[in-house]
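Structure first, commentary second.
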Amino acid sequence: GQVGGLYVILETDDGLVLMDPHAAHERVMYEQIMRAVAARTVCSQGLLAPETVELAPAAAERVRAHLDALKQMGFGVAEFGSDTFLVDALPDTLGGVSAAAVLAAVAQELEEHGGRRGKERWAEDAIAQAACKAAVKARDVLTLKEIEQLVISLARAEMPYTCPHGRPTMVFMGFDELHKKFGRL
């Protein structure tokens, strides 16, 4: 179940695990998108209604310079006049997230690191930002089925222990440590 509206508690053979569902979901989505980009099999999810996104002039220029890379990552982004863009598709893994929030996060990533990194490293960071925006949020109530699916997906991840930004996805506490804490040596 969930504890404090933030964490999921799981029992293992050797103790218990506290999992941060946001960090775990972020890791799962990040790896799914990165695998698809590497295999050139990114699937885009068309939006029911395209969103117009207006950015600050400098951010718009950075996005404009990386439109091809964004399309390779599964974003349907086109210029829509001045500093406005039309977003009509997102990588299918990011379903349900605001196109405006994702494009703003990508523009922020470009501002902070885009000019100083190579294309591949920038793409990884942009995908990490997009996954962060799309991941379940703190206080989101998850069903048991959603928790189970997240645990299964995280177990299949190449690097299940941290989100793409380095935060832990889970913390383990063994029964020996629990016994010590409760004076049951």
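Going by the structure tokens order, chains are called A, B, ..., each with residues numbered from 1, while ligands are numbered from 1 in the order shown.
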Cut-off 12 Å: closest region 116-154 of chain A/region 6-22 of chain A atom pairs per residue, using only C-alpha atoms, as a Markdown table:
```
| residue | atom | partner | partner_atom | distance |
| --- | --- | --- | --- | --- |
| A:Ala131 | CA | A:His22 | CA | 9.8 |
| A:Cys132 | CA | A:His22 | CA | 7.8 |
| A:Lys133 | CA | A:His22 | CA | 9.7 |
| A:Ala134 | CA | A:His22 | CA | 9.3 |
| A:Ala135 | CA | A:His22 | CA | 5.6 |
| A:Val136 | CA | A:His22 | CA | 5.1 |
| A:Lys137 | CA | A:His22 | CA | 5.7 |
| A:Ala138 | CA | A:Leu6 | CA | 5.2 |
| A:Arg139 | CA | A:Leu6 | CA | 5.5 |
| A:Asp140 | CA | A:Leu6 | CA | 7.8 |
| A:Val141 | CA | A:Leu6 | CA | 8.8 |
| A:Leu142 | CA | A:Pro21 | CA | 9.0 |
| A:Thr143 | CA | A:Val8 | CA | 10.8 |
| A:Leu144 | CA | A:Val8 | CA | 10.1 |
| A:Glu146 | CA | A:Pro21 | CA | 10.1 |
| A:Ile147 | CA | A:Val8 | CA | 7.8 |
| A:Glu148 | CA | A:Leu10 | CA | 10.0 |
| A:Gln149 | CA | A:Pro21 | CA | 11.1 |
| A:Leu150 | CA | A:Pro21 | CA | 7.7 |
| A:Val151 | CA | A:Met19 | CA | 8.9 |
| A:Ser153 | CA | A:Pro21 | CA | 11.5 |
| A:Leu154 | CA | A:Pro21 | CA | 9.9 |
```
6 Å contact set for Leu86 (chain A), only C-alpha atoms, chain neighbours under 5 positions out, as a PDB file with N, CA, C and O atoms, in the first residue's frame:
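The result, written out as part33.pdb:
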```
ATOM      1  N   GLU A  51      -1.959  21.482 -29.005  1.00  0.00           N
ATOM      2  CA  GLU A  51      -1.777  22.578 -28.049  1.00  0.00           C
ATOM      3  C   GLU A  51      -0.824  23.607 -28.634  1.00  0.00           C
ATOM      4  O   GLU A  51       0.193  23.249 -29.228  1.00  0.00           O
ATOM      5  N   THR A  52      -1.160  24.863 -28.457  1.00  0.00           N
ATOM      6  CA  THR A  52      -0.219  25.922 -28.820  1.00  0.00           C
ATOM      7  C   THR A  52       0.568  26.272 -27.566  1.00  0.00           C
ATOM      8  O   THR A  52       0.007  26.375 -26.473  1.00  0.00           O
ATOM      9  N   VAL A  77       6.109  18.633 -33.080  1.00  0.00           N
ATOM     10  CA  VAL A  77       6.244  20.060 -32.768  1.00  0.00           C
ATOM     11  C   VAL A  77       6.527  20.806 -34.061  1.00  0.00           C
ATOM     12  O   VAL A  77       7.392  20.407 -34.837  1.00  0.00           O
ATOM     13  N   ALA A  78       5.793  21.900 -34.273  1.00  0.00           N
ATOM     14  CA  ALA A  78       6.019  22.726 -35.458  1.00  0.00           C
ATOM     15  C   ALA A  78       5.912  24.192 -35.055  1.00  0.00           C
ATOM     16  O   ALA A  78       5.202  24.545 -34.113  1.00  0.00           O
ATOM     17  N   PHE A  80       4.638  27.872 -35.121  1.00  0.00           N
ATOM     18  CA  PHE A  80       3.274  28.357 -35.336  1.00  0.00           C
ATOM     19  C   PHE A  80       3.260  29.878 -35.298  1.00  0.00           C
ATOM     20  O   PHE A  80       2.331  30.503 -34.843  1.00  0.00           O
TER      21      PHE A  80
END
```
Measure the distance from CA of Val63 (chain A) to CA of Gln45 (chain A) in Å and round it to one decimal. 19.9 Å
Need the shell around Arg167 (chain A): protein/DNA/RNA residues with any atom at most 10 Å away, counting only C-alpha atoms. Skip same-chain ones fewer than 6 positions apart. Format as a ChimeraX atom specification? /A:20,23-24,27,161
Restricting the output to N, CA and C atoms, write the selected residues as a PDB file, in the first residue's frame.
```pdb
ATOM      1  N   ASP A  20       9.618   5.109  -3.981  1.00  0.00           N
ATOM      2  CA  ASP A  20       9.098   6.408  -4.389  1.00  0.00           C
ATOM      3  C   ASP A  20       8.476   6.213  -5.768  1.00  0.00           C
ATOM      4  N   ALA A  23       9.774   8.645  -8.649  1.00  0.00           N
ATOM      5  CA  ALA A  23      11.125   8.343  -9.138  1.00  0.00           C
ATOM      6  C   ALA A  23      11.131   7.027  -9.928  1.00  0.00           C
ATOM      7  N   ALA A  24      10.384   6.036  -9.454  1.00  0.00           N
ATOM      8  CA  ALA A  24      10.324   4.743 -10.139  1.00  0.00           C
ATOM      9  C   ALA A  24       9.668   4.880 -11.511  1.00  0.00           C
ATOM     10  N   ARG A  27      11.955   6.636 -13.961  1.00  0.00           N
ATOM     11  CA  ARG A  27      13.000   5.742 -14.474  1.00  0.00           C
ATOM     12  C   ARG A  27      12.450   4.829 -15.571  1.00  0.00           C
ATOM     13  N   TYR A 161      17.561   1.489  -9.559  1.00  0.00           N
ATOM     14  CA  TYR A 161      17.778   2.038  -8.226  1.00  0.00           C
ATOM     15  C   TYR A 161      17.680   3.548  -8.122  1.00  0.00           C
TER      16      TYR A 161
END
```
Separation of CA of Met170 (chain A) from CA of Val102 (chain A) in Å: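 Straight-line distance from CA of Val102 (chain A) to CA of Met170 (chain A) works out to 25.4 Å.
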